[in-house]
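Visitor: Dropping in input.cif, which is mmCIF, C-alpha atoms:
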data_upload
loop_
_atom_site.group_PDB
_atom_site.id
_atom_site.type_symbol
_atom_site.label_atom_id
_atom_site.label_comp_id
_atom_site.auth_asym_id
_atom_site.auth_seq_id
_atom_site.Cartn_x
_atom_site.Cartn_y
_atom_site.Cartn_z
ATOM 1 C CA MET A 201 -35.378 -8.206 -42.906
ATOM 2 C CA LYS A 202 -34.595 -9.464 -39.426
ATOM 3 C CA PHE A 203 -31.707 -11.370 -40.865
ATOM 4 C CA ILE A 204 -30.274 -8.236 -42.494
ATOM 5 C CA ILE A 205 -30.561 -6.201 -39.283
ATOM 6 C CA LEU A 206 -28.877 -8.953 -37.311
ATOM 7 C CA THR A 207 -26.087 -9.246 -39.850
ATOM 8 C CA VAL A 208 -25.476 -5.497 -39.695
ATOM 9 C CA PHE A 209 -25.333 -5.635 -35.913
ATOM 10 C CA PHE A 210 -22.868 -8.493 -35.971
ATOM 11 C CA ILE A 211 -20.617 -6.698 -38.436
ATOM 12 C CA PHE A 212 -20.596 -3.554 -36.308
ATOM 13 C CA SER A 213 -19.969 -5.446 -33.107
ATOM 14 C CA SER A 214 -16.884 -7.042 -34.633
ATOM 15 C CA ILE A 215 -15.657 -3.572 -35.596
ATOM 16 C CA ALA A 216 -16.074 -2.477 -31.984
ATOM 17 C CA LEU A 217 -14.020 -5.456 -30.852
ATOM 18 C CA THR A 218 -11.146 -4.847 -33.239
ATOM 19 C CA HIS A 219 -11.125 -1.175 -32.363
ATOM 20 C CA SER A 220 -10.616 -1.867 -28.677
ATOM 21 C CA GLN A 221 -7.644 -4.087 -29.406
ATOM 22 C CA VAL A 222 -5.676 -1.595 -31.476
ATOM 23 C CA SER A 223 -3.885 0.339 -28.780
ATOM 24 C CA TYR A 224 -0.716 -0.962 -27.126
ATOM 25 C CA LYS A 225 -0.877 -4.447 -28.442
ATOM 26 C CA ALA A 226 1.076 -6.870 -26.365
ATOM 27 C CA ASP A 227 3.560 -8.264 -28.841
ATOM 28 C CA ASN A 228 5.393 -10.356 -26.322
ATOM 29 C CA ILE A 229 3.923 -12.859 -23.935
ATOM 30 C CA GLU A 230 5.326 -11.084 -20.859
ATOM 31 C CA ALA A 231 3.496 -7.830 -21.577
ATOM 32 C CA TYR A 232 0.299 -9.766 -22.263
ATOM 33 C CA GLU A 233 0.573 -11.607 -18.957
ATOM 34 C CA LEU A 234 1.209 -8.377 -17.074
ATOM 35 C CA TYR A 235 -1.772 -6.703 -18.716
ATOM 36 C CA GLU A 236 -3.900 -9.603 -17.561
ATOM 37 C CA GLU A 237 -2.616 -9.552 -13.986
ATOM 38 C CA LEU A 238 -2.892 -5.814 -13.408
ATOM 39 C CA ARG A 239 -6.052 -4.007 -12.478
ATOM 40 C CA CYS A 240 -7.299 -0.963 -14.305
ATOM 41 C CA LEU A 241 -7.752 1.547 -11.505
ATOM 42 C CA VAL A 242 -10.470 3.472 -13.295
ATOM 43 C CA CYS A 243 -12.834 0.608 -14.084
ATOM 44 C CA GLN A 244 -11.822 -1.446 -11.137
ATOM 45 C CA ASN A 245 -12.930 -4.921 -12.060
ATOM 46 C CA GLN A 246 -11.256 -4.914 -15.442
ATOM 47 C CA SER A 247 -7.703 -5.845 -16.181
ATOM 48 C CA LEU A 248 -5.440 -3.518 -18.133
ATOM 49 C CA LEU A 249 -5.909 -5.855 -21.068
ATOM 50 C CA ASP A 250 -9.664 -5.295 -21.138
ATOM 51 C CA SER A 251 -9.577 -1.597 -20.424
ATOM 52 C CA ASP A 252 -9.317 1.367 -22.750
ATOM 53 C CA ALA A 253 -9.351 3.991 -20.017
ATOM 54 C CA PRO A 254 -6.672 6.661 -20.554
ATOM 55 C CA LEU A 255 -4.879 5.664 -17.365
ATOM 56 C CA ALA A 256 -4.925 2.006 -18.432
ATOM 57 C CA LEU A 257 -3.320 2.976 -21.746
ATOM 58 C CA ASP A 258 -0.649 4.951 -19.872
ATOM 59 C CA LEU A 259 0.021 2.003 -17.593
ATOM 60 C CA LYS A 260 0.261 -0.331 -20.581
ATOM 61 C CA LYS A 261 2.781 1.999 -22.179
ATOM 62 C CA LEU A 262 4.705 2.092 -18.910
ATOM 63 C CA VAL A 263 4.731 -1.717 -18.767
ATOM 64 C CA LEU A 264 6.042 -1.921 -22.340
ATOM 65 C CA ASP A 265 8.707 0.729 -21.661
ATOM 66 C CA LYS A 266 9.868 -1.047 -18.509
ATOM 67 C CA LEU A 267 10.035 -4.404 -20.299
ATOM 68 C CA GLU A 268 12.112 -2.772 -23.020
ATOM 69 C CA GLU A 269 14.438 -1.424 -20.334
ATOM 70 C CA GLY A 270 14.972 -5.041 -19.368
ATOM 71 C CA LYS A 271 12.960 -5.020 -16.140
ATOM 72 C CA SER A 272 11.473 -8.340 -15.070
ATOM 73 C CA LYS A 273 7.775 -8.970 -14.567
ATOM 74 C CA GLU A 274 8.194 -9.042 -10.800
ATOM 75 C CA GLU A 275 10.111 -5.762 -10.806
ATOM 76 C CA ILE A 276 7.360 -4.036 -12.756
ATOM 77 C CA LYS A 277 4.694 -5.402 -10.445
ATOM 78 C CA LEU A 278 6.643 -4.221 -7.412
ATOM 79 C CA PHE A 279 7.059 -0.782 -9.003
ATOM 80 C CA LEU A 280 3.295 -0.462 -9.420
ATOM 81 C CA VAL A 281 2.448 -1.934 -6.006
ATOM 82 C CA GLU A 282 4.756 0.659 -4.409
ATOM 83 C CA ARG A 283 2.676 3.387 -6.039
ATOM 84 C CA TYR A 284 -0.865 2.053 -6.141
ATOM 85 C CA GLY A 285 -0.829 -0.579 -3.447
ATOM 86 C CA GLU A 286 -1.561 -4.268 -3.703
ATOM 87 C CA PHE A 287 -4.990 -3.420 -5.039
ATOM 88 C CA ILE A 288 -3.497 -3.103 -8.514
ATOM 89 C CA LEU A 289 -2.791 -6.855 -8.535
ATOM 90 C CA LEU A 290 -5.891 -8.721 -9.685
ATOM 91 C CA LYS A 291 -4.585 -11.842 -7.987
ATOM 92 C CA PRO A 292 -3.873 -11.068 -4.333
ATOM 93 C CA THR A 293 -0.572 -12.245 -2.918
ATOM 94 C CA PHE A 294 -0.539 -15.220 -0.561
ATOM 95 C CA THR A 295 0.392 -13.473 2.676
ATOM 96 C CA ILE A 296 -0.840 -13.579 6.281
ATOM 97 C CA LYS A 297 -2.824 -10.402 5.642
ATOM 98 C CA ASN A 298 -4.666 -12.027 2.738
ATOM 99 C CA ILE A 299 -4.966 -15.500 4.224
ATOM 100 C CA LEU A 300 -8.701 -15.181 4.885
ATOM 101 C CA LEU A 301 -9.240 -14.228 1.250
ATOM 102 C CA TRP A 302 -7.579 -17.437 0.087
ATOM 103 C CA VAL A 303 -8.742 -19.869 2.750
ATOM 104 C CA GLY A 304 -12.180 -18.306 3.344
ATOM 105 C CA PRO A 305 -13.994 -20.083 0.491
ATOM 106 C CA LEU A 306 -12.506 -23.426 1.544
ATOM 107 C CA ILE A 307 -13.736 -22.877 5.103
ATOM 108 C CA PHE A 308 -17.234 -22.224 3.781
ATOM 109 C CA VAL A 309 -17.199 -25.359 1.618
ATOM 110 C CA ILE A 310 -16.077 -27.510 4.550
ATOM 111 C CA PHE A 311 -18.681 -25.894 6.756
ATOM 112 C CA GLY A 312 -21.312 -26.562 4.090
ATOM 113 C CA PHE A 313 -20.428 -30.253 3.854
ATOM 114 C CA PHE A 314 -20.417 -30.504 7.622
ATOM 115 C CA THR A 315 -23.903 -29.021 8.023
ATOM 116 C CA THR A 316 -25.275 -31.095 5.153
ATOM 117 C CA PHE A 317 -23.925 -34.225 6.776
ATOM 118 C CA ILE A 318 -25.491 -33.367 10.128
ATOM 119 C CA PHE A 319 -28.772 -32.384 8.528
ATOM 120 C CA LEU A 320 -29.013 -35.654 6.584
ATOM 121 C CA ARG A 321 -28.110 -37.791 9.568
ATOM 122 C CA LYS A 322 -30.656 -36.142 11.817
ATOM 123 C CA ASN A 323 -33.508 -36.147 9.317
ATOM 124 C CA PRO A 324 -36.065 -38.802 10.453
ATOM 125 C CA LEU A 325 -37.496 -39.169 6.940
ATOM 126 C CA ILE A 326 -34.318 -40.741 5.648
ATOM 127 C CA LYS A 327 -33.884 -43.198 8.475
ATOM 128 C CA GLU A 328 -34.344 -46.766 7.320
ATOM 129 C CA GLU A 329 -36.713 -48.037 9.997
ATOM 130 C CA ASN A 330 -39.337 -45.604 8.814
ATOM 131 C CA VAL A 331 -39.223 -47.083 5.333
ATOM 132 C CA ASN A 332 -40.473 -50.452 6.625
ATOM 133 C CA LEU A 333 -44.168 -50.610 5.804
ATOM 134 C CA THR A 334 -46.881 -52.609 7.428
ATOM 135 C CA ASN A 335 -48.718 -55.237 5.348
ATOM 136 C CA ILE A 336 -51.759 -53.003 4.931
ATOM 137 C CA GLU A 337 -49.592 -50.182 3.682
ATOM 138 C CA LYS A 338 -47.820 -52.520 1.265
ATOM 139 C CA ASP A 339 -51.190 -53.596 -0.186
ATOM 140 C CA LYS A 340 -52.217 -49.963 -0.570
ATOM 141 C CA LEU A 341 -48.983 -49.126 -2.298
ATOM 142 C CA LYS A 342 -49.336 -52.078 -4.661
ATOM 143 C CA LYS A 343 -52.858 -51.002 -5.614
ATOM 144 C CA ILE A 344 -51.691 -47.468 -6.366
ATOM 145 C CA ILE A 345 -48.794 -48.675 -8.490
ATOM 146 C CA ASP A 346 -51.034 -51.116 -10.407
ATOM 147 C CA ARG A 347 -53.529 -48.357 -11.127
ATOM 148 C CA GLU A 348 -50.788 -46.033 -12.354
ATOM 149 C CA LEU A 349 -49.395 -48.745 -14.615
ATOM 150 C CA LYS A 350 -52.780 -49.487 -16.187
ATOM 151 C CA GLU A 351 -53.351 -45.911 -17.217
ATOM 152 C CA MET B 187 -28.499 -28.999 19.481
ATOM 153 C CA LYS B 188 -30.896 -28.962 16.579
ATOM 154 C CA LYS B 189 -32.084 -25.500 17.530
ATOM 155 C CA ILE B 190 -28.567 -24.129 17.284
ATOM 156 C CA TYR B 191 -28.171 -25.426 13.741
ATOM 157 C CA SER B 192 -31.494 -24.127 12.555
ATOM 158 C CA SER B 193 -30.699 -20.650 13.849
ATOM 159 C CA LEU B 194 -27.376 -20.531 11.987
ATOM 160 C CA PRO B 195 -28.799 -18.991 8.773
ATOM 161 C CA LEU B 196 -30.309 -16.221 10.856
ATOM 162 C CA VAL B 197 -26.965 -15.583 12.534
ATOM 163 C CA PHE B 198 -25.271 -15.383 9.136
ATOM 164 C CA PHE B 199 -27.954 -13.054 7.931
ATOM 165 C CA PHE B 200 -27.332 -10.656 10.790
ATOM 166 C CA ILE B 201 -23.583 -10.771 10.277
ATOM 167 C CA LEU B 202 -24.215 -9.738 6.671
ATOM 168 C CA VAL B 203 -26.577 -6.992 7.816
ATOM 169 C CA ILE B 204 -23.863 -5.626 10.089
ATOM 170 C CA PHE B 205 -21.357 -5.611 7.205
ATOM 171 C CA PHE B 206 -23.709 -3.824 4.820
ATOM 172 C CA PHE B 207 -24.895 -1.395 7.468
ATOM 173 C CA ARG B 208 -21.339 -0.470 8.321
ATOM 174 C CA GLN B 209 -20.682 0.434 4.697
ATOM 175 C CA LEU B 210 -23.875 2.495 4.594
ATOM 176 C CA ILE B 211 -23.010 4.445 7.697
ATOM 177 C CA LEU B 212 -19.337 5.025 6.987
ATOM 178 C CA LYS B 213 -20.175 6.620 3.633
ATOM 179 C CA GLU B 214 -16.742 5.667 2.399
ATOM 180 C CA ASP B 215 -16.349 5.347 -1.325
ATOM 181 C CA PRO B 216 -15.071 1.784 -1.701
ATOM 182 C CA SER B 217 -13.626 2.604 -5.130
ATOM 183 C CA GLU B 218 -11.383 5.203 -3.530
ATOM 184 C CA LEU B 219 -7.861 3.920 -3.188
ATOM 185 C CA PRO B 220 -5.907 4.622 -0.037
ATOM 186 C CA SER B 221 -2.511 6.005 -0.957
ATOM 187 C CA VAL B 222 0.376 3.689 -0.209
ATOM 188 C CA LEU B 223 2.674 6.687 -0.182
ATOM 189 C CA ILE B 224 1.236 8.108 3.053
ATOM 190 C CA ASP B 225 4.057 9.020 5.459
ATOM 191 C CA LYS B 226 6.579 8.282 2.749
ATOM 192 C CA SER B 227 8.903 10.760 1.147
ATOM 193 C CA LEU B 228 7.699 12.492 -1.983
ATOM 194 C CA PRO B 229 8.950 10.565 -5.041
ATOM 195 C CA ILE B 230 11.039 12.256 -7.701
ATOM 196 C CA ILE B 231 8.898 13.912 -10.348
ATOM 197 C CA LYS B 232 10.304 15.444 -13.527
ATOM 198 C CA LEU B 233 7.933 18.062 -14.869
ATOM 199 C CA GLU B 234 8.103 20.488 -17.755
ATOM 200 C CA LYS B 235 7.718 24.231 -17.686
ATOM 201 C CA LEU B 236 4.417 25.832 -18.597
ATOM 202 C CA ALA B 237 5.036 29.141 -20.367
ATOM 203 C CA GLU B 238 6.098 31.900 -17.937
ATOM 204 C CA TYR B 239 4.920 30.077 -14.816
ATOM 205 C CA LYS B 240 7.462 29.006 -12.231
ATOM 206 C CA LEU B 241 8.461 25.354 -12.510
ATOM 207 C CA PHE B 242 9.105 23.149 -9.500
ATOM 208 C CA ASN B 243 10.686 19.840 -8.594
ATOM 209 C CA ARG B 244 11.046 17.740 -5.463
ATOM 210 C CA GLU B 245 13.937 19.846 -4.123
ATOM 211 C CA ASN B 246 11.919 23.074 -4.344
ATOM 212 C CA LEU B 247 9.250 21.542 -2.132
ATOM 213 C CA LEU B 248 11.812 20.271 0.380
ATOM 214 C CA MET B 249 13.514 23.661 0.562
ATOM 215 C CA LEU B 250 10.248 25.341 1.533
ATOM 216 C CA LYS B 251 10.389 23.861 5.041
ATOM 217 C CA GLU B 252 6.651 24.361 5.469
ATOM 218 C CA PRO B 253 3.584 22.239 4.713
ATOM 219 C CA SER B 254 2.286 22.580 1.178
ATOM 220 C CA LEU B 255 -0.156 21.037 -1.271
ATOM 221 C CA ILE B 256 0.358 19.298 -4.578
ATOM 222 C CA ASN B 257 -2.702 19.487 -6.792
ATOM 223 C CA VAL B 258 -3.041 17.394 -9.936
ATOM 224 C CA TRP B 259 -5.367 19.145 -12.365
ATOM 225 C CA SER B 260 -6.281 19.564 -15.987
ATOM 226 C CA SER B 261 -8.255 22.003 -18.081
ATOM 227 C CA TRP B 262 -10.424 19.194 -19.477
ATOM 228 C CA CYS B 263 -11.419 17.936 -16.043
ATOM 229 C CA ALA B 264 -14.788 19.220 -14.877
ATOM 230 C CA PRO B 265 -14.380 18.562 -11.117
ATOM 231 C CA CYS B 266 -11.137 20.591 -11.273
ATOM 232 C CA LYS B 267 -13.192 23.611 -12.236
ATOM 233 C CA VAL B 268 -15.371 23.058 -9.179
ATOM 234 C CA GLU B 269 -12.445 22.979 -6.785
ATOM 235 C CA HIS B 270 -10.651 25.883 -8.466
ATOM 236 C CA GLU B 271 -12.234 28.547 -6.287
ATOM 237 C CA PHE B 272 -11.272 26.688 -3.120
ATOM 238 C CA LEU B 273 -7.696 26.371 -4.297
ATOM 239 C CA LEU B 274 -7.720 30.118 -4.910
ATOM 240 C CA ALA B 275 -9.134 30.677 -1.421
ATOM 241 C CA MET B 276 -6.487 28.481 0.181
ATOM 242 C CA SER B 277 -3.612 30.231 -1.566
ATOM 243 C CA ALA B 278 -4.953 33.787 -1.065
ATOM 244 C CA LYS B 279 -6.763 33.621 2.258
ATOM 245 C CA TYR B 280 -4.767 30.983 4.094
ATOM 246 C CA ASN B 281 -1.441 31.631 2.407
ATOM 247 C CA ILE B 282 -0.862 27.997 1.502
ATOM 248 C CA LYS B 283 1.621 27.194 -1.213
ATOM 249 C CA ILE B 284 -0.001 24.965 -3.805
ATOM 250 C CA PHE B 285 2.119 23.196 -6.382
ATOM 251 C CA GLY B 286 0.155 22.361 -9.513
ATOM 252 C CA ILE B 287 0.765 19.361 -11.723
ATOM 253 C CA ASN B 288 -0.900 19.971 -15.050
ATOM 254 C CA TYR B 289 -1.937 16.448 -16.064
ATOM 255 C CA LYS B 290 -2.052 15.431 -19.755
ATOM 256 C CA ASP B 291 -3.207 18.847 -20.829
ATOM 257 C CA ASP B 292 -2.894 21.155 -23.784
ATOM 258 C CA LYS B 293 -0.590 24.101 -23.027
ATOM 259 C CA LYS B 294 -2.962 26.699 -24.433
ATOM 260 C CA ASP B 295 -6.016 25.271 -22.639
ATOM 261 C CA ALA B 296 -4.155 25.173 -19.335
ATOM 262 C CA MET B 297 -3.015 28.762 -19.675
ATOM 263 C CA LYS B 298 -6.502 29.863 -20.632
ATOM 264 C CA VAL B 299 -7.904 28.415 -17.385
ATOM 265 C CA LEU B 300 -5.240 30.185 -15.310
ATOM 266 C CA LYS B 301 -5.791 33.510 -17.079
ATOM 267 C CA LEU B 302 -9.580 33.373 -16.914
ATOM 268 C CA SER B 303 -10.210 31.852 -13.473
ATOM 269 C CA GLY B 304 -7.086 32.961 -11.656
ATOM 270 C CA ASN B 305 -3.889 31.189 -10.694
ATOM 271 C CA PRO B 306 -3.919 29.492 -7.281
ATOM 272 C CA PHE B 307 -0.526 27.862 -7.850
ATOM 273 C CA TYR B 308 2.804 28.847 -6.351
ATOM 274 C CA ALA B 309 4.515 26.896 -9.109
ATOM 275 C CA ILE B 310 3.340 24.688 -11.954
ATOM 276 C CA GLY B 311 4.806 21.733 -13.783
ATOM 277 C CA ARG B 312 3.452 19.965 -16.819
ATOM 278 C CA ASP B 313 3.083 16.207 -16.941
ATOM 279 C CA GLU B 314 2.317 15.843 -20.591
ATOM 280 C CA ASP B 315 2.114 12.066 -20.950
ATOM 281 C CA GLY B 316 0.886 11.345 -17.407
ATOM 282 C CA ILE B 317 3.856 9.108 -16.567
ATOM 283 C CA GLN B 318 5.183 11.377 -13.800
ATOM 284 C CA SER B 319 1.843 11.334 -12.012
ATOM 285 C CA ILE B 320 1.954 7.527 -11.990
ATOM 286 C CA ASN B 321 4.997 7.959 -9.711
ATOM 287 C CA LEU B 322 2.663 9.666 -7.265
ATOM 288 C CA GLY B 323 0.049 6.939 -7.596
ATOM 289 C CA VAL B 324 -2.432 9.246 -9.285
ATOM 290 C CA TYR B 325 -5.346 7.425 -10.911
ATOM 291 C CA GLY B 326 -7.632 10.278 -11.829
ATOM 292 C CA VAL B 327 -7.794 14.055 -11.722
ATOM 293 C CA PRO B 328 -8.166 15.990 -9.532
ATOM 294 C CA GLU B 329 -6.058 14.613 -6.730
ATOM 295 C CA THR B 330 -4.443 16.598 -3.960
ATOM 296 C CA PHE B 331 -1.532 15.639 -1.713
ATOM 297 C CA VAL B 332 -0.696 17.264 1.594
ATOM 298 C CA ILE B 333 3.099 17.448 1.995
ATOM 299 C CA ASP B 334 4.693 18.223 5.349
ATOM 300 C CA ALA B 335 7.762 20.406 5.986
ATOM 301 C CA ASN B 336 10.071 17.407 5.614
ATOM 302 C CA GLY B 337 8.720 16.501 2.193
ATOM 303 C CA ASN B 338 6.653 13.524 3.351
ATOM 304 C CA ILE B 339 3.204 12.838 1.945
ATOM 305 C CA ARG B 340 0.725 13.091 4.805
ATOM 306 C CA TYR B 341 -2.640 12.874 3.111
ATOM 307 C CA ARG B 342 -4.144 12.197 -0.301
ATOM 308 C CA HIS B 343 -7.493 13.600 -1.360
ATOM 309 C CA VAL B 344 -9.164 11.951 -4.352
ATOM 310 C CA GLY B 345 -11.640 14.088 -6.282
ATOM 311 C CA PRO B 346 -12.410 17.782 -6.003
ATOM 312 C CA ILE B 347 -11.808 19.696 -2.786
ATOM 313 C CA LEU B 348 -15.126 21.225 -1.866
ATOM 314 C CA GLU B 349 -15.710 23.769 0.862
ATOM 315 C CA TYR B 350 -16.481 20.983 3.330
ATOM 316 C CA ASP B 351 -13.257 19.124 2.482
ATOM 317 C CA MET B 352 -11.229 22.308 2.708
ATOM 318 C CA LYS B 353 -12.558 23.293 6.133
ATOM 319 C CA ASN B 354 -12.835 19.859 7.703
ATOM 320 C CA THR B 355 -9.977 17.931 6.163
ATOM 321 C CA ILE B 356 -7.299 19.833 4.311
ATOM 322 C CA LEU B 357 -6.917 22.903 6.549
ATOM 323 C CA PRO B 358 -6.982 20.958 9.851
ATOM 324 C CA ILE B 359 -4.348 18.543 8.527
ATOM 325 C CA LEU B 360 -2.179 21.436 7.378
ATOM 326 C CA ASN B 361 -2.540 23.075 10.789
ATOM 327 C CA SER B 362 -1.737 19.877 12.640
ATOM 328 C CA ILE B 363 1.581 19.388 10.831
ATOM 329 C CA LYS B 364 2.777 22.980 11.021
#
Let me see whether you can do it: turn the structure in this file into structure tokens.
Guide:
Amino acid sequence: MKFIILTVFFIFSSIALTHSQVSYKADNIEAYELYEELRCLVCQNQSLLDSDAPLALDLKKLVLDKLEEGKSKEEIKLFLVERYGEFILLKPTFTIKNILLWVGPLIFVIFGFFTTFIFLRKNPLIKEENVNLTNIEKDKLKKIIDRELKE
Amino acid sequence: MKKIYSSLPLVFFFILVIFFFRQLILKEDPSELPSVLIDKSLPIIKLEKLAEYKLFNRENLLMLKEPSLINVWSSWCAPCKVEHEFLLAMSAKYNIKIFGINYKDDKKDAMKVLKLSGNPFYAIGRDEDGIQSINLGVYGVPETFVIDANGNIRYRHVGPILEYDMKNTILPILNSIK
């Protein structure tokens, strides 16, 4: 019974998937790339490709129309940026204004390595001289290990 | 030295707190897009006529030589119904010329709204496939643009204009650019 229910669910989920891919299929690679690089402004963390919002469909149609007119990818992007701002680009441009966005993560990684390094160097537990045991301690340790091994 | 390092997480924590608190206090909707067309000239929009209502284009707005509003609306949009009475108030009480863009709407439905709830618009144009509104950077209805006497976009309001917005935002801006 469980198997049947699961099968039914899987079949329906595949229908849902194919349905969402019907409208404004990207026949050429350029349209597909643009769909992927442009943000749907209604559901803001989806690309046009993923989105079925009415505005996303309109924008897809606009992209196809512009490509048919012979406009280049960059021209279409510029056209949309002039109207919706740079926010419509899912990948921000590499400009002075966005520099922190690009370099920020790197700064944090470097900072992380730096603090880890300092932390490890300063930690007395890891220093070698503390690992040297006295004879009594060595005997104790040996006894413990022997006991563990016997069990 | 060691003390400084161990207090770093706390410092970071407070920086984060400041960031989050700022967002809480500002009450800005982060999903709201600022218009890139602010202080730019109104783009060309080619609209279609809706029945007997007066049609408009960019030139009509420029010829007015007074501040006006462009309101993007639709009969199927619920928030538009909420702001309708304030649009009526602005056109009747404050004598503001509102240009309506009927966005992806059915002719009959649009006319029904105007007949039943009143017509706040000085002129109306239909944008049947929504492409013309993309020229304005519209990403949802309703949206309202404040246009100055020289045909430049001065302000964009996303979402319905409520009484508060009318009194504290739209009307003061219109007054300031008269």
Visitor: Suppose you want the space between CA of Lys301 (chain B) and CA of Gly326 (chain B); what is it in Å?
Guide: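 Answer for the CA of Lys301 (chain B) to CA of Gly326 (chain B) separation: 23.9 Å.
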Visitor: Restricting the calculation to all atoms listed in the file: of A:Leu301, A:Leu341, A:Ile307, A:Ala253, which residue gets closest to chain B?
Guide: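 Nearest candidate to chain B out of A:Leu301, A:Leu341, A:Ile307, A:Ala253: A:Ala253.
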Visitor: At a cut-off of 7 Å, which residues of chain B touch chain A? Count only C-alpha atoms and give the answer as a ChimeraX atom specification.
Guide: /B:221-223,317,321-323,325
Visitor: Would you mind reading off the distance between CA of Ile363 (chain B) and CA of Asp215 (chain B), one decimal, in Å?
Guide: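 Computing it gives 25.8 Å between the two atoms.
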Visitor: Give me the result of the PyMOL selection byres ((chain B and resi 262-265) around 7) on this file, residue by residue, as a list of chain:residue names.
Guide: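 With the shown file as input, the PyMOL selection byres ((chain B and resi 262-265) around 7) matches B:Ser260, B:Ser261, B:Cys266, B:Lys267, B:Val268, B:Glu269, B:Val327, B:Pro328, B:Pro346.
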Visitor: Can you spit out the residues from that selection as a short mmCIF file (atom, residue, chain, number, x, y, z; two decimals), keeping the file's coordinate frame, using C-alpha atoms?
Guide:
data_model
loop_
_atom_site.label_atom_id
_atom_site.label_comp_id
_atom_site.auth_asym_id
_atom_site.auth_seq_id
_atom_site.Cartn_x
_atom_site.Cartn_y
_atom_site.Cartn_z
CA SER B 260 -6.28 19.56 -15.99
CA SER B 261 -8.26 22.00 -18.08
CA CYS B 266 -11.14 20.59 -11.27
CA LYS B 267 -13.19 23.61 -12.24
CA VAL B 268 -15.37 23.06 -9.18
CA GLU B 269 -12.44 22.98 -6.78
CA VAL B 327 -7.79 14.06 -11.72
CA PRO B 328 -8.17 15.99 -9.53
CA PRO B 346 -12.41 17.78 -6.00
#
Visitor: Any idea what the distance is between CA of Pro253 (chain B) and CA of Leu228 (chain B)?
Guide: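 Separation between CA of Pro253 (chain B) and CA of Leu228 (chain B): 12.5 Å.
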Visitor: To test your reading of the syntax: which residues would the PyMOL selection byres ((chain B and resi 359) around 12) return for the file shown? Reply as a compact mmCIF listing (two decimals) with C-alpha atoms, in the coordinates of the input.
Guide:
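Writing the result to expr_35.txt gives the following:
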# COMPACT_ATOMS: atom_id res chain seq x y z
CA PRO B 253 3.58 22.24 4.71
CA SER B 254 2.29 22.58 1.18
CA LEU B 255 -0.16 21.04 -1.27
CA PHE B 331 -1.53 15.64 -1.71
CA VAL B 332 -0.70 17.26 1.59
CA ILE B 333 3.10 17.45 2.00
CA ASP B 334 4.69 18.22 5.35
CA ILE B 339 3.20 12.84 1.94
CA ARG B 340 0.72 13.09 4.80
CA TYR B 341 -2.64 12.87 3.11
CA ARG B 342 -4.14 12.20 -0.30
CA HIS B 343 -7.49 13.60 -1.36
CA ASP B 351 -13.26 19.12 2.48
CA MET B 352 -11.23 22.31 2.71
CA LYS B 353 -12.56 23.29 6.13
CA ASN B 354 -12.84 19.86 7.70
CA THR B 355 -9.98 17.93 6.16
CA ILE B 356 -7.30 19.83 4.31
CA LEU B 357 -6.92 22.90 6.55
CA PRO B 358 -6.98 20.96 9.85
CA LEU B 360 -2.18 21.44 7.38
CA ASN B 361 -2.54 23.08 10.79
CA SER B 362 -1.74 19.88 12.64
CA ILE B 363 1.58 19.39 10.83
CA LYS B 364 2.78 22.98 11.02
Visitor: For the file shown, what are the residues hit by the PyMOL selection byres ((chain A and resi 263) around 9), laid out as a PyMOL selection string?
Guide: chain A and resi 231+234-235+258-262+264-268+273+276
